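Here's the structure we're looking at; comments come further down.
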Amino acid sequence: MESTTRRPAVAGRFYPGDRDTLLADVSPSLSPAEKTSPAIACVVPHAGYIYSGHVAGAVFARLNIPRRCIVLCPNHTGMGQPLAIMSGGAWETPLGKAPIDSSLAEALKLRFPLLTEDANAHRAEHAVEVELPFLQAKSPNFTFVPIALGTGRFDVLESLGQAIADVVKEEAEPVLIIASSDMNHYESDKITRVKDHKAIERILALDARGLFDVVMREDISMCGFGPTVAVLTAAKRLGATAAELAKYATSGDISGDREMVVGYVGIVVR
């Protein structure tokens, strides 16, 4: 197992590279307007903070972040294995080093052998990295397991979700399961909101199969539908009964460009 430090790939681009500026960006999630509470899982976006940070922050503001997390994301780069996990070392951000939870990662690999040890899939991938500063700021001693998915096969995603739930059930302390995903990409604001609503409806219903089917049927370019299907499957197996919409927005809300947008949703699963 490689016990190295993964250097930040997108600091200074997707989020501030300066510690103080970054803390100021994530600070709204540290002083929430409403009472926080535990959750089984959540869905958060991973675009640049200027566009989607307020949506991710609305989710993290509602949560008590436990010491241990599993973060699943899509593989945007095409590098590495389709079911890529890292089991050792740490990831660095301007807020410091976030250690990988080696014992949790090893348990996941044992339970789901299709997970492959592969740092290459994670080296340039941004979709886990952009979530870490929120987690670091809210739970400075947290550990995590990163998983990047390059497969869209429902049977594999469902089996992964079931395996995650089985591992989490056996842990003595809570584990938050996070799906990192943006929603529909590069269509008009009007079309994107219609498409995203159809997908969000299935997520709020905790319907993993329904989400998969609507994404395929309606051609919704939700990059992290795979992680979300796996996370919903895990959450249901862990006894989740409800999901709440924390916030929805599109990039057009920030840029003013309504012709070509990306959608962002934040959802808490309890």
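All residue names refer to the structure tokens as shown: chains lettered A, B, ... in order, residues numbered from 1 in each chain, ligands numbered from 1 in order.
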
A:Asn75 surroundings by only C-alpha atoms, 8 Å radius, close-in-sequence under 3 positions cut, as a PDB file with N, CA and C atoms, in the first residue's frame:
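Below you can see around-v6.pdb, which holds the result:
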```pdb
ATOM      1  N   GLY A  78     -10.770   9.813 -16.921  1.00  0.00           N
ATOM      2  CA  GLY A  78     -10.593   8.595 -17.691  1.00  0.00           C
ATOM      3  C   GLY A  78      -9.331   7.836 -17.329  1.00  0.00           C
ATOM      4  N   MET A  79      -8.577   8.327 -16.368  1.00  0.00           N
ATOM      5  CA  MET A  79      -7.348   7.666 -15.939  1.00  0.00           C
ATOM      6  C   MET A  79      -7.659   6.563 -14.935  1.00  0.00           C
ATOM      7  N   PRO A  82     -11.748   1.449 -13.235  1.00  0.00           N
ATOM      8  CA  PRO A  82     -13.126   1.935 -13.135  1.00  0.00           C
ATOM      9  C   PRO A  82     -13.700   1.922 -11.727  1.00  0.00           C
ATOM     10  N   ALA A 121      -6.055   7.044 -10.704  1.00  0.00           N
ATOM     11  CA  ALA A 121      -7.413   7.509 -10.982  1.00  0.00           C
ATOM     12  C   ALA A 121      -7.757   8.749 -10.165  1.00  0.00           C
ATOM     13  N   GLU A 125      -8.064  14.006 -10.372  1.00  0.00           N
ATOM     14  CA  GLU A 125      -9.519  14.080 -10.244  1.00  0.00           C
ATOM     15  C   GLU A 125      -9.912  15.110  -9.172  1.00  0.00           C
ATOM     16  N   ALA A 148     -13.291   6.500  -6.736  1.00  0.00           N
ATOM     17  CA  ALA A 148     -13.636   7.111  -8.025  1.00  0.00           C
ATOM     18  C   ALA A 148     -14.220   6.038  -8.937  1.00  0.00           C
ATOM     19  N   LEU A 149     -15.382   6.330  -9.509  1.00  0.00           N
ATOM     20  CA  LEU A 149     -16.112   5.355 -10.312  1.00  0.00           C
ATOM     21  C   LEU A 149     -16.113   5.740 -11.785  1.00  0.00           C
ATOM     22  N   GLY A 150     -15.654   4.802 -12.607  1.00  0.00           N
ATOM     23  CA  GLY A 150     -15.678   4.998 -14.043  1.00  0.00           C
ATOM     24  C   GLY A 150     -16.583   3.995 -14.732  1.00  0.00           C
TER      25      GLY A 150
END
```

Worksheet item: Counting only C-alpha atoms, what is within 8 Å of A:Ala98, bar same-chain residues fewer than 6 positions away, as a ChimeraX atom specification?
Response: /A:90-92,132,136,141-144

Select from stretch 153-200 of chain A every residue with an atom at most 9 Å from any atom of stretch 255-268 of chain A, then for each give the shortest pair of atoms and their distance in Å to one decimal, using only C-alpha atoms, rows by chain and rising number, as a tab-separated table.
```
residue	atom	partner	partner_atom	distance
A:Ser181	CA	A:Tyr264	CA	7.9
A:Asp182	CA	A:Tyr264	CA	5.2
A:Met183	CA	A:Gly263	CA	4.7
A:Asn184	CA	A:Gly263	CA	5.3
A:His185	CA	A:Val262	CA	4.5
A:Tyr186	CA	A:Met260	CA	4.7
A:Glu187	CA	A:Met260	CA	4.8
A:Ser188	CA	A:Glu259	CA	4.3
A:Asp189	CA	A:Arg258	CA	5.0
A:Lys190	CA	A:Arg258	CA	7.8
A:Thr192	CA	A:Gly263	CA	6.6
A:Arg193	CA	A:Gly263	CA	7.3
A:Asp196	CA	A:Gly263	CA	7.1
A:Ile200	CA	A:Val265	CA	7.9
```

Output of the above residues as a PDB file, in the first residue's frame, restricted to C-alpha atoms:
```pdb
ATOM      1  CA  SER A 181     -21.929  14.923  -8.284  1.00  0.00           C
ATOM      2  CA  ASP A 182     -22.995  17.793 -10.463  1.00  0.00           C
ATOM      3  CA  MET A 183     -26.277  17.567 -12.352  1.00  0.00           C
ATOM      4  CA  ASN A 184     -27.154  18.204 -16.011  1.00  0.00           C
ATOM      5  CA  HIS A 185     -24.399  19.807 -18.106  1.00  0.00           C
ATOM      6  CA  TYR A 186     -24.244  22.378 -20.894  1.00  0.00           C
ATOM      7  CA  GLU A 187     -27.847  22.832 -21.893  1.00  0.00           C
ATOM      8  CA  SER A 188     -30.105  25.832 -21.337  1.00  0.00           C
ATOM      9  CA  ASP A 189     -31.158  26.761 -17.816  1.00  0.00           C
ATOM     10  CA  LYS A 190     -34.759  25.896 -18.655  1.00  0.00           C
ATOM     11  CA  THR A 192     -31.496  21.729 -17.200  1.00  0.00           C
ATOM     12  CA  ARG A 193     -33.993  22.561 -14.467  1.00  0.00           C
ATOM     13  CA  ASP A 196     -32.617  17.905 -12.939  1.00  0.00           C
ATOM     14  CA  ILE A 200     -33.870  14.982  -7.900  1.00  0.00           C
TER      15      ILE A 200
END
```

Rows by chain and residue number, stretch 82-140 of chain A within 9 Å of stretch 18-22 of chain A, shortest pair, only C-alpha atoms, as a Markdown table:
```
| residue | atom | partner | partner_atom | distance |
| --- | --- | --- | --- | --- |
| A:Thr93 | CA | A:Arg19 | CA | 8.6 |
| A:Pro94 | CA | A:Arg19 | CA | 5.0 |
| A:Leu95 | CA | A:Arg19 | CA | 5.8 |
| A:Gly96 | CA | A:Arg19 | CA | 8.9 |
| A:Pro133 | CA | A:Leu22 | CA | 7.7 |
```

Give me a file of those residues, with N, CA and C atoms, as a compact mmCIF listing (two decimals), in the first residue's frame.
```txt
# COMPACT_ATOMS: atom_id res chain seq x y z
N THR A 93 -4.69 19.69 1.35
CA THR A 93 -5.34 20.90 0.86
C THR A 93 -4.69 22.08 1.57
N PRO A 94 -5.05 23.32 1.23
CA PRO A 94 -4.49 24.46 1.97
C PRO A 94 -4.82 24.44 3.46
N LEU A 95 -5.78 23.60 3.88
CA LEU A 95 -6.13 23.50 5.31
C LEU A 95 -5.34 22.41 6.01
N GLY A 96 -4.45 21.73 5.30
CA GLY A 96 -3.65 20.68 5.92
C GLY A 96 -3.88 19.33 5.28
N PRO A 133 -12.09 20.49 1.96
CA PRO A 133 -12.01 21.65 2.85
C PRO A 133 -13.24 21.83 3.74
```

Worksheet item: Leaving out A:Ile85 and any residue of its chain fewer than 4 positions from it, which residues lie within 10 Å of it when counting only C-alpha atoms, given as a PyMOL selection string?
Response: chain A and resi 72+81+105-106+108-109+114-122+145-149

Those residues you just picked out, can you put them in a file as a compact mmCIF listing (two decimals), in the first residue's frame with N, CA and C atoms?
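Output file part30.txt follows:
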```txt
# COMPACT_ATOMS: atom_id res chain seq x y z
N LEU A 72 -17.53 9.13 -2.58
CA LEU A 72 -17.56 8.53 -3.92
C LEU A 72 -17.73 9.63 -4.95
N GLN A 81 -8.33 2.76 -13.02
CA GLN A 81 -9.30 1.69 -13.01
C GLN A 81 -10.73 2.22 -12.81
N ALA A 105 -10.90 1.44 4.46
CA ALA A 105 -10.63 1.13 3.05
C ALA A 105 -10.34 -0.36 2.87
N GLU A 106 -9.56 -0.92 3.76
CA GLU A 106 -9.25 -2.35 3.64
C GLU A 106 -10.50 -3.20 3.82
N LEU A 108 -13.50 -2.34 3.01
CA LEU A 108 -14.28 -2.20 1.78
C LEU A 108 -13.72 -3.07 0.67
N LYS A 109 -12.41 -3.12 0.53
CA LYS A 109 -11.79 -3.96 -0.50
C LYS A 109 -12.04 -5.44 -0.24
N LEU A 114 -13.88 -6.04 -6.29
CA LEU A 114 -13.74 -5.30 -7.54
C LEU A 114 -13.09 -3.93 -7.33
N LEU A 115 -13.10 -3.43 -6.10
CA LEU A 115 -12.39 -2.18 -5.81
C LEU A 115 -10.90 -2.41 -5.98
N THR A 116 -10.27 -1.54 -6.75
CA THR A 116 -8.86 -1.70 -7.09
C THR A 116 -8.05 -0.56 -6.50
N GLU A 117 -6.94 -0.91 -5.87
CA GLU A 117 -6.02 0.10 -5.35
C GLU A 117 -5.40 0.86 -6.52
N ASP A 118 -5.69 2.16 -6.63
CA ASP A 118 -5.26 2.89 -7.82
C ASP A 118 -5.19 4.39 -7.54
N ALA A 119 -3.99 4.88 -7.27
CA ALA A 119 -3.80 6.31 -7.02
C ALA A 119 -3.90 7.12 -8.30
N ASN A 120 -3.61 6.49 -9.45
CA ASN A 120 -3.63 7.23 -10.72
C ASN A 120 -5.01 7.79 -11.04
N ALA A 121 -6.05 7.04 -10.70
CA ALA A 121 -7.41 7.51 -10.98
C ALA A 121 -7.76 8.75 -10.16
N HIS A 122 -7.07 8.95 -9.05
CA HIS A 122 -7.39 10.05 -8.14
C HIS A 122 -6.44 11.25 -8.30
N VAL A 145 -12.27 7.77 3.02
CA VAL A 145 -11.89 6.82 1.96
C VAL A 145 -12.37 7.39 0.63
N PRO A 146 -11.47 7.63 -0.32
CA PRO A 146 -11.88 8.12 -1.65
C PRO A 146 -12.11 6.96 -2.62
N ILE A 147 -13.23 7.02 -3.34
CA ILE A 147 -13.54 6.02 -4.36
C ILE A 147 -13.97 6.76 -5.63
N ALA A 148 -13.29 6.50 -6.74
CA ALA A 148 -13.64 7.11 -8.02
C ALA A 148 -14.22 6.04 -8.94
N LEU A 149 -15.38 6.33 -9.51
CA LEU A 149 -16.11 5.36 -10.31
C LEU A 149 -16.11 5.74 -11.78
```

Discussion item. Can you pull out the residues contacting stretch 45-60 of chain A? Cut-off 8 Å, using only C-alpha atoms, and skip same-chain residues under 5 positions away; I want them as a ChimeraX atom specification.
Written reply: /A:13-15,25-26,28-29,65,126-128,130-131,134-135,180-183,246-251,254,264-268

Prev. selection, C-alpha atoms, output as a short mmCIF file (atom, residue, chain, number, x, y, z; two decimals), in the first residue's frame:
```cif
data_model
loop_
_atom_site.label_atom_id
_atom_site.label_comp_id
_atom_site.auth_asym_id
_atom_site.auth_seq_id
_atom_site.Cartn_x
_atom_site.Cartn_y
_atom_site.Cartn_z
CA ARG A 13 -8.60 26.95 -9.53
CA PHE A 14 -11.72 25.23 -8.18
CA TYR A 15 -11.26 26.72 -4.71
CA ASP A 25 -15.27 30.50 1.73
CA VAL A 26 -16.35 27.48 3.78
CA PRO A 28 -20.95 29.67 6.27
CA SER A 29 -21.11 25.90 6.77
CA ILE A 65 -19.68 15.49 10.40
CA HIS A 126 -11.18 17.10 -8.60
CA ALA A 127 -14.51 15.69 -7.43
CA VAL A 128 -13.38 14.35 -4.04
CA VAL A 130 -13.26 19.97 -3.54
CA GLU A 131 -15.31 18.40 -0.71
CA PHE A 134 -15.63 21.59 4.07
CA LEU A 135 -14.96 18.37 5.96
CA SER A 180 -19.98 13.98 -5.15
CA SER A 181 -21.93 14.92 -8.28
CA ASP A 182 -22.99 17.79 -10.46
CA MET A 183 -26.28 17.57 -12.35
CA ALA A 246 -30.87 21.55 1.02
CA LYS A 247 -30.41 23.70 -2.10
CA TYR A 248 -30.60 23.69 -5.88
CA ALA A 249 -28.98 26.12 -8.30
CA THR A 250 -27.44 26.35 -11.73
CA SER A 251 -24.27 28.06 -12.88
CA ILE A 254 -23.95 33.14 -10.79
CA TYR A 264 -26.08 21.66 -8.78
CA VAL A 265 -28.02 19.98 -6.00
CA GLY A 266 -27.42 19.43 -2.31
CA ILE A 267 -29.37 16.65 -0.58
CA VAL A 268 -29.20 15.21 2.94
#
```

Item to complete: Could you pull out the residues in stretch 40-158 of chain A that DSSP calls helix (DSSP H, G or I) from the backbone, as a ChimeraX atom specification?
Response: /A:49-60,102-111,120-123,129-138,154-158

Worksheet, complete the sentence: Judged by only C-alpha atoms, the minimum distance to A:Phe225 among A:Val194, A:Ala208, A:Ile70, A:Leu245 is found for A:Ala208

Practice prompt. Extract, using only C-alpha atoms, all DNA, RNA and protein residues at most 7 Å from A:Ile220, discarding same-chain residues fewer than 3 positions from it, and format them as a count of residues only.
Written response: 4

Item to complete: Extract, using only C-alpha atoms, all DNA, RNA and protein residues at most 10 Å from A:Ala163, discarding same-chain residues fewer than 4 positions from it, and format them as a list in words.
Response: Ala107, Leu108, Lys109, Leu110, Arg111, Phe112, Pro113, Leu157, Glu158, Ser159, Val167, Val168, Lys169, Ala230, Thr233, Ala234 and Arg237 of chain A

Practice prompt. Identify, with DSSP run on backbone atoms, the residues in stretch 142-264 of chain A assigned to strand (DSSP E), and express the list as a list of chain:residue names.
Written response: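 Result set for stretch 142-264 of chain A (strand (DSSP E)): A:Thr143, A:Phe144, A:Val145, A:Pro146, A:Ile147, A:Ala148, A:Leu149, A:Val175, A:Leu176, A:Ile177, A:Ile178, A:Ala179, A:Ser180, A:His185, A:Tyr186, A:Glu187, A:Ala243, A:Glu244, A:Leu245, A:Ala246, A:Lys247, A:Tyr248, A:Ala249, A:Thr250, A:Val261, A:Val262, A:Gly263, A:Tyr264.
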
Discussion item. Please compute the atom CA of A:Glu171-atom CA of A:Arg153 distance, one decimal, in Å.
Written reply: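 Value for the atom CA of A:Glu171-atom CA of A:Arg153 distance: 27.7 Å.
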
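Taking only C-alpha atoms into account, A:Gly161 lies nearest to A:Ala235 out of the set A:Ala235, A:Cys42, A:Cys73, A:Leu211.
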